[in-house]
Structure formats: structure tokens, C-alpha cells
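Take a look at the structure below.
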Amino acid sequence: MSGFRAQELETLKAKIAALETGGREDSESLPLGDPRLDGRFLGGGLPLGHWHEFSGEGMEIETAASAAAFAACLAAPLARRGEAVWVLRRDDLFAPGLAGLGFPAERLIQVCARDEAEALAVAEDALSTVGVSAVFAEVETVDLTAGRRLQLACERRGSTGFVIRRRPYGGTGRRETAGSAAATRWRIAPAPSEPAPGEFGLGPPRWEVRLDRCRGGRPGAWLMEAATAYTYEAHDGTHPLRLVAELGDRQLAPAQPLRLAG
Amino acid sequence: MRQLYAVDAQARQAGLFAGQKATDAAALCPGLVTAEAEPEADAQALTELADWCVRFSPAVALSPPDGLFLDIAGVSHLWGGEDDLAQDFRARLAANGLPVRVAVADTPGAAWALAHQGKDALTIVPPGQQAAMMARLRPSALRLEPQAAAQIERLGLKTLAQLLALPRAPLARRFGAATLTRIDEALGRSKEALVFRRPPSPWFARLAFAEPISALEDLQRVSHDVAARLCARLEQEGRGARRFEIAFHRVDGKAHALTIGLALAARDPVRIARLFAPKLETVDPGFGIEVVTIAATGVEPMAGRQVRLDALLDGGLEDGLAPLIDRLSNRLGEARVWKTVPVESHLPEQSAAPARPLAPAPEAAGWDLEVPRPLRLFRKPERLEGVISLVPDDPPRQFEWRRRLHRVRHAEGPERIGAEWWRREIEDVRIDQVRDYYRVEDQSGARFWVYREGLYSSGEPSRWFLHGLFG
């Protein structure tokens with residue numbers, strides 16, 4: 001490749017990047033403290049000023065406990081920087097549980113919305129507010145239009161959204177949408193914990209984390225744990241998540257096999 | 001027995017009066033038109049009228065069944081004097097088909113007496129002259145107990161002048177202390193306590209229009225203008241308010257009130273008007289709105305804040321957290337926006353309580369971080385079926401929840417949580433209020449918070465419940 005073409009390509013890349021970040025110089029990112037993980041993202045950490053999507057499978061579709069716990073751990077350092085808002089459709093979030101995971105739950109503002117559209121509107125409103133650094137929203141699905149609106153709201157103040165997909169109890173099958181404006185898309189499943197040798201009971205909570213989609217980065221799958229959960233070290237300010245192992249790529253195969261018509 | 005409840009002017013001329021037997025009245029006037037009395041509807045209408053009267057004075061008290069007290073001290077100059085105020089009041093009510101009798105006096109007692117029994121429909125008592133003006137009225141004009149009034153008249157005391165001439169001590173002995181109190185209140189020797197329909201708030205502003213308005217844009221503009229009036233006063237005194245009530249008074253005598261609440265005391269008219277804006281659509285202007293009033297409650301001292309230089313870049317305090325909470329709690333309702341604060345209680349469901357989003361942190365110690373608590377706590381614990389445990393005191397080995405079988409791999413516990421017996425009668429305390437909580441993990445890694453209700457007693461199967469989920 002000639003020098004001229006390379007230069008041309010660089011200019012084009014910079015132009016596209018500028019368009020994607022809405023004119024900002026370059027967006028901030030939140031390092032997760034492990035190079036194996038941070039290396040997957042373009043900016044060396046979870047991109048801020050975007051929104052991220054977390055979902056679960058099986059029982060978790062309705063309870064979304066693991067997805068919420070993982071998102072809370074992921075965002076804990078961010079929530080300590082400013083205010084955090086959690087938008088719910090069903091008020092079963094228990095603040096002492098969040099506090100145990102190392103999330104600053106005493107300042108968390110919870111909002112219970114009446115329906116899906118209202119939950120998204122509240123999330124959008126909260127994202128475009130000065131001083132709010134992280135917004136969590138438990139919604140069933142975010143379609144392309146709603147996703148773009150969330151993205152615009154994120155860009156206005158550089159705040160970060162965490163959308164936890166959760167179906168209301170007794171709802172029908174999950175509605176899947178074609179595209180998504182999310183910067184990253186995660187699938188979270190609980191994983192059996194490992195108590196320390198010679199100890200009884202449960203070890204620190206573990207999750208099987210799959211990064212299915214990552215704009216400008218590479219997807220991956222990991223086994224992660226909240227090493228300091230339920231100890232006083234949970235609030236010492238370090239990132240609560242620890243990478244236990246990298247999972248094989250075979251587990252990245254689509255959950256539902258491709259089916260041909262006929 | 002059917003009686004006349006009330007009569008109009010024409011019927012009164014024909015010799016009918018309230019309390020007359022219906023059959024007698026029909027005999028006097030063969031063509032008499034009657035309608036059933038509706039005391040509840042009358043009371044309702046009187047309350048609505050009281051709300052409308054707020055356009056004259058913020059302090060309005062009901063005097064059932066057919067009267068209203070307006071405290072016009074300090075507001076009459078807005079109309080150019082008591083006389084003009086009373087004339088305007090009568091004219092407006094007459095235009096709505098309500099003939100009224102008005103009396104203005106130093107004391108509520110004297111005003112009531114002259115309004116009910118005075119010669120003219122409009123009486124204005126010069127300051128300190130109530131005794132002279134009331135001299136010719138009957139003693140019942142003092143709102144006396146019916147027995148006392150009847151006894152006074154039986155003794156031949158036909159006018160108040162005669163009653164007032166009597167020495168006080170025998171008066172009290174014969175007719176009761178209440179009679180004496182009424183006399184003192186009417187003459188201004190002692191103060192009468194009126195129950196105003198709303199506490200008179202000194203934080204009140206009104207705006208009247210030459211031409212009635214009805215367009216939505218006009219309502220938006222006037223809600224800002226009237227708020228600005230009140231906020232200017234609040235600012236002068238270094239105060240802000242947490243609740244504003246705006247009322248639109250229609251030409252036909254009805255009022256429509258809207259209320260907003262704020263997370264932090266404020267006095268910024270733009271912000272207040274913005275919170276009212278989405279609710280203005282519910283206002284039915286009818287034939288037009290002629291007066292708008294605003295009242296502030298929850299007024300508290302508020303230091304002036306200096307606008308930071310960088311606020312211009314960030315969009316200012318206007319876009320901060322407090323306005324967000326105001327927007328949300330006015331749109332969704334105050335109960336739907338909260339912050340959780342620790343409460344000192346052993347019961348897990350009571351250890352966290354919702355609080356106002358911007359309330360200061362409570363005194364109670366924070367949650368114990370070393371004790372694992374679930375991320376999702378069910379409001380009503382869900383009964384578990386098919387629980388198998390090796391011995392009765394053991395955690396479950398497997399259980400069924402929502403038609404799925406969960407095999408327990410690891411378990412932790414028990415954490416015994418008893419009811420807070422010291423909070424109630426000792427007789428009500430029962431042994432089955434004890435719960436043994438276990439944290440269990442199933443084959444796939446899902447973590448649950450389950451408990452066994454009560455203590456083990458042989459022959460009875462243990463009852464297991466799922467109370468929450470750990471992420």
C-alpha cells in the first residue's frame with residue numbers, strides 16, 4: 001500500500017470516528033483492570049458516553065438478577081464519580097444487595113416506571129442530566145429508534161447507559177429486534193462459584209460473561225467473579241470485577257442453531 | 001313530615017318561610033313548585049364557592065349551611081376599599097344567579113349577625129361601631145345555642161341592646177358561658193377562632209386580567225408571570241418553597257387548581273412554570289379565566305446560590321439532579337422516585353426504606369456489608385415445593401421453583417432471623433415467626449436466598465420459601 005493511500009485511509013478513519021462520537025475529540029473509557037479484557041475495546045476500556053446492553057437466558061430472562069449484578073459491578077467505579085439512576089418496571093431491586101457487591105447504593109436514585117415507553121423516556125431524561133454518570137434501565141427491548149435516542153442522550157453529557165433486558169413476569173416470548181445502537185452487547189449467565197479451599201459455603205459470585213458485540217473492538221467470553229463481594233474491601237474503590245479465565249471460542253456459537261426454512 | 005327547607009324571594013313575599021309544613025305552603029300557594037332538598041350537594045357547592053372566593057382573600061372559612069367568612073384584612077385596598085370589594089363580590093355572585101347578603105365588620109360575629117338579620121343586603125360597619133349597629137338585632141343573631149336563644153326571647157329580651165345592658169355575671173349563670181363568649185366575640189372583646197379552609201399562607205400572589213384568557217399559550221405565560229411575582233418576594237426574604245399551588249379562576253365562578261412539588265426548595269419562576277406546563281392541558285378554561293393565583297407552601301430559608309462560571313458551559317443548575325427529580329416525581333408521582341436508606345432492623349425487608357431522593361442521609365448505621373443480601377428481594381416470599389433435605393435442620397438438597405428443579409451444589413447458613421418481638425405485645429410472639437435463611441447455589445450457578453419458616457417440630461413438614469435472588 002502506498003504512503004498516499006495509507007494517509008487517505010487514516011483521514012477517512014478519523015472522519016468516521018469523529019462522526020461516530022458526535023464530534024467529540026475522543027470518548028472516555030473505563031478500564032476494567034485486566035489487559036486481557038481491556039485490549040478488546042478500542043479505547044482500552046468500556047467506552048463511556050454510550051449505552052451497553054446486558055441480557056440473560058432461561059430463568060434470567062424474567063429475573064435479570066445476574067445481568068443486573070454484573071452491570072452494577074461493572075459500573076461501580078463510574079457510579080462513585082457522580083449520581084446514578086436505576087429505572088425499574090418492578091421494584092424488587094434490594095439496595096443492601098447492591099451495596100454488598102460494592103455499588104454505592106446509598107445514593108442510588110430509583111425510579112419505577114409504569115410501562116416500557118415511560119421507562120425509556122425516563123432513562124433518556126436521566127442520561128441527558130448534568131451530574132448523572134450512570135443510568136441503569138430494566139426494559140424488555142430497545143428498538144432501533146429508541147436506541148438512537150438513548151445514544152443521543154448519552155452523547156449530550158457523556159453519561160453512560162446500562163440497559164438490562166428483562167421481560168415482565170408472565171410476558172410472552174422475547175421480541176427480538178433487527179439492529180441495535182448499543183456500543184456493546186453482553187450476555188450474562190450465573191456460573192458455579194468456587195469456595196476457597198478448606199472453606200464451606202459459597203465463593204464469591206461468578207458469571208459467565210459473553211461479549212457478543214463490541215463496536216470497534218473484538219467480542220470474547222470470560223469467566224469473571226466479584227472477588228470482593230460481601231467484604232468490607234468491596235468499597236475500597238478498586239474495580240470489583242476479576243477475570244478468572246478466558247472461555248473457549250466454542251462457547252461463542254449462537255445459542256440457537258441456524259434453522260433453514262422448509 | 002315534609003317541611004320547606006328554603007324559600008326564594010318570591011315565595012317569601014307570598015308569606016312562605018323555611019320550616020313551614022309543605023302541606024300548609026301548598027294550601028297558601030296552590031301553584032307552588034318544590035324540589036327535594038339536597039344538603040350534601042349544598043355543602044359541596046358551598047365548598048366550591050369557598051375555593052372560588054380565594055380570588056378575593058386567601059383566608060376563607062365555611063359557615064355551614066349557607067355562609068362564608070372571608071378575612072379581608074389587608075386585601076381590601078386592592079379593590080379600592082371595603083365598599084368596592086363588597087360591591088364587586090356581590091355583583092359577581094349575582095351575575096351567577098347567587099343573591100347574597102354581605103356584611104363587613106371588625107369581628108366575624110358582628111358580620112354574621114348583620115349579614116343574616118341586618119336591614120340591608122350590604123352592610124359595612126365602620127371600625128369599632130359594631131355594638132351600635134347590632135343594637136336593634138334580635139339576640140339569636142349572635143349564633144347562640146337554640147335553647148339559650150329561646151330562653152332569652154321568652155324573658156322578653158327582644159333586642160341585643162337589652163341583652164348587652166344586663167350585668168355579665170347573672171348573664172353567664174342564667175344562659176351559660178357560651179352566650180357570654182359569643183357576645184365578647186361579636187363585640188371584639190375576645191378573638192374568634194375561624195377554621196379557614198386552607199391555612200392562610202403569606203406566600204400568595206394573584207394576577208387579574210382585563211379580558212378573560214383561555215388559550216394554552218396564555219396559560220403558560222401567566223403561570224410564569226404569577227410565579228415570578230411570588231418568587232420575587234421569596235427572593236427578597238431569602239426563602240424558597242417546596243410546593244406550589246396555582247389556581248385558575250374562571251368567569252363562571254369555578255376554580256381549577258394544580259399542584260407541583262419540588263425536591264429542593266426553589267424560587268426560579270422559569271423552572272416552576274416549566275413544571276406546570278405539562279399539566280396546563282388539563283385545565284378547562286370554560287368561558288375564560290379572569291384571575292390566576294399562586295400559593296407557596298413548605299417555605300423554608302434558602303441561601304442565594306452564586307452561579308458558577310462554568311455553569312454556562314454545562315447548562316447551569318437548571319439541568320442538574322434536583323430538576324430531574326422534580327420532573328420525574330411530578331410526571332410519575334412522588335412515590336415512584338426514591339432513594340433507599342438504611343433502617344436499623346433485623347428483618348431484611350425492613351432494613352431498607354424508601355426516602356425522598358434528596359433527603360439528607362439518616363443517622364442509622366449503614367448496612368452490614370459482610371452479611372450477603374440478595375440483589376432482588378421479593379415483596380412476598382414464594383413458596384417452594386418438593387424440597388428435599390437430608391435432616392430437618394439441613395439446607396435443602398433440591399427444590400422446585402417456577403416448575404424448574406434446582407439441585408443445590410453449595411449452601412451457606414443458617415442465618416436465623418427472628419421477628420422483632422420487642423416491638424409488640426409479648427403475647428403475640430410466636431415461635432413460627434423465626435426464619436432460618438440459607439444462601440444456596442444450584443447446578444448452573446444461580447444463587448438463591450431461601451428460608452425455612454418456624455422451628456422444626458416432628459411430624460410436621462417444614463415450609464420453605466424463596467425470598468430473593470443473588471445475581
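Convention: chains lettered A, B, ... in C-alpha cells order; per-chain residue numbering from 1; ligands numbered from 1 as shown.
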
(Q) Which residues are close to Val7 in chain B, i.e. within 7 Å by only C-alpha atoms, leaving aside same-chain residues fewer than 2 positions away? Reply as a list in words. (A)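 Everything that qualifies: Ala9, Ala11, Arg12, Phe17 and Ala18 of chain B.
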
Q | Residues flagged strand (DSSP E) by DSSP in range 3-89 of chain A, as a PyMOL selection string | A | chain A and resi 29-30+46-47+51-55+83-88

Take the residues from that selection and write them out as a PDB file, in the first residue's frame, keeping N, CA and C atoms.
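So the final result, stored in part_10.pdb, reads:
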```pdb
ATOM      1  N   SER A  29     -13.010   6.231  28.440  1.00  0.00           N
ATOM      2  CA  SER A  29     -13.341   4.828  28.646  1.00  0.00           C
ATOM      3  C   SER A  29     -13.010   4.451  30.087  1.00  0.00           C
ATOM      4  N   LEU A  30     -13.628   3.364  30.516  1.00  0.00           N
ATOM      5  CA  LEU A  30     -13.486   2.913  31.900  1.00  0.00           C
ATOM      6  C   LEU A  30     -12.674   1.624  31.891  1.00  0.00           C
ATOM      7  N   LEU A  46     -14.095   0.001  28.819  1.00  0.00           N
ATOM      8  CA  LEU A  46     -15.500   0.124  28.443  1.00  0.00           C
ATOM      9  C   LEU A  46     -15.771   1.555  27.994  1.00  0.00           C
ATOM     10  N   PRO A  47     -16.237   1.743  26.748  1.00  0.00           N
ATOM     11  CA  PRO A  47     -16.449   3.120  26.276  1.00  0.00           C
ATOM     12  C   PRO A  47     -17.554   3.829  27.059  1.00  0.00           C
ATOM     13  N   TRP A  51     -24.292   3.573  25.320  1.00  0.00           N
ATOM     14  CA  TRP A  51     -25.070   2.678  26.168  1.00  0.00           C
ATOM     15  C   TRP A  51     -24.756   1.230  25.846  1.00  0.00           C
ATOM     16  N   HIS A  52     -24.864   0.384  26.856  1.00  0.00           N
ATOM     17  CA  HIS A  52     -24.476  -1.018  26.766  1.00  0.00           C
ATOM     18  C   HIS A  52     -25.665  -1.874  27.136  1.00  0.00           C
ATOM     19  N   GLU A  53     -25.706  -3.035  26.512  1.00  0.00           N
ATOM     20  CA  GLU A  53     -26.880  -3.878  26.707  1.00  0.00           C
ATOM     21  C   GLU A  53     -26.473  -5.174  27.391  1.00  0.00           C
ATOM     22  N   PHE A  54     -27.253  -5.599  28.391  1.00  0.00           N
ATOM     23  CA  PHE A  54     -26.971  -6.822  29.136  1.00  0.00           C
ATOM     24  C   PHE A  54     -28.221  -7.685  29.103  1.00  0.00           C
ATOM     25  N   SER A  55     -28.032  -8.966  28.826  1.00  0.00           N
ATOM     26  CA  SER A  55     -29.210  -9.834  28.846  1.00  0.00           C
ATOM     27  C   SER A  55     -28.821 -11.184  29.411  1.00  0.00           C
ATOM     28  N   GLU A  83     -23.770  10.825  40.103  1.00  0.00           N
ATOM     29  CA  GLU A  83     -25.026  10.247  40.567  1.00  0.00           C
ATOM     30  C   GLU A  83     -25.412   9.093  39.654  1.00  0.00           C
ATOM     31  N   ALA A  84     -26.139   8.134  40.229  1.00  0.00           N
ATOM     32  CA  ALA A  84     -26.608   7.016  39.438  1.00  0.00           C
ATOM     33  C   ALA A  84     -28.121   6.905  39.568  1.00  0.00           C
ATOM     34  N   VAL A  85     -28.759   6.554  38.471  1.00  0.00           N
ATOM     35  CA  VAL A  85     -30.219   6.415  38.449  1.00  0.00           C
ATOM     36  C   VAL A  85     -30.542   5.018  37.939  1.00  0.00           C
ATOM     37  N   TRP A  86     -31.469   4.328  38.603  1.00  0.00           N
ATOM     38  CA  TRP A  86     -31.862   2.982  38.185  1.00  0.00           C
ATOM     39  C   TRP A  86     -33.349   3.009  37.867  1.00  0.00           C
ATOM     40  N   VAL A  87     -33.680   2.759  36.611  1.00  0.00           N
ATOM     41  CA  VAL A  87     -35.079   2.793  36.191  1.00  0.00           C
ATOM     42  C   VAL A  87     -35.620   1.378  36.175  1.00  0.00           C
ATOM     43  N   LEU A  88     -36.719   1.151  36.871  1.00  0.00           N
ATOM     44  CA  LEU A  88     -37.276  -0.187  37.022  1.00  0.00           C
ATOM     45  C   LEU A  88     -38.686  -0.233  36.466  1.00  0.00           C
TER      46      LEU A  88
END
```

Q) When the cut-off is 7 Å and we count only C-alpha atoms, which residues of chain B are near chain A, given as a PyMOL selection string? A) chain B and resi 319-321+324+336-341+357+367+369-378+410-412+444-446+469-471

(Q) When you look at Met302 in chain B with a cut-off of 6 Å (counting only C-alpha atoms), what residues show up, excluding the ones that are within fewer than 2 positions of it in the same chain? I need them as a list in words. (A)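 So the residues in contact are Gly238, Arg239 and Gly240 of chain B.
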
Export of the given selection (C-alpha atoms) as an mmCIF file, in the first residue's frame:
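Final output, part-v6.cif:
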```
data_model
loop_
_atom_site.group_PDB
_atom_site.id
_atom_site.type_symbol
_atom_site.label_atom_id
_atom_site.label_comp_id
_atom_site.auth_asym_id
_atom_site.auth_seq_id
_atom_site.Cartn_x
_atom_site.Cartn_y
_atom_site.Cartn_z
ATOM 1 C CA GLY B 238 -34.129 34.718 51.215
ATOM 2 C CA ARG B 239 -36.581 31.856 51.033
ATOM 3 C CA GLY B 240 -37.675 29.137 48.681
#
```

Q: Can you list, as JSON, numbers by chain, all residues belonging to range 18-224 of chain A that DSSP tags as alpha helix (DSSP H)?
A: {"A": [18, 19, 20, 35, 36, 37, 38, 60, 61, 62, 63, 65, 66, 67, 68, 69, 70, 71, 72, 73, 74, 75, 76, 77, 78, 79, 80, 81, 95, 96, 97, 98, 99, 100, 116, 117, 118, 119, 120, 121, 122, 123, 124, 125, 126, 127, 144, 145, 146, 147, 148, 149, 150, 151, 152, 153, 154, 155, 156, 157]}

Q.
Using only C-alpha atoms for the distances, tell me which of A:Ala183, A:Leu48, A:Ala76, A:Ala17 is nearest to Leu127 in chain A.
A. A:Leu48

Q: Tell me, in Å to one decimal, how far CA of Trp422 in chain B is from CA of Val434 in chain B.
A: 14.0 Å
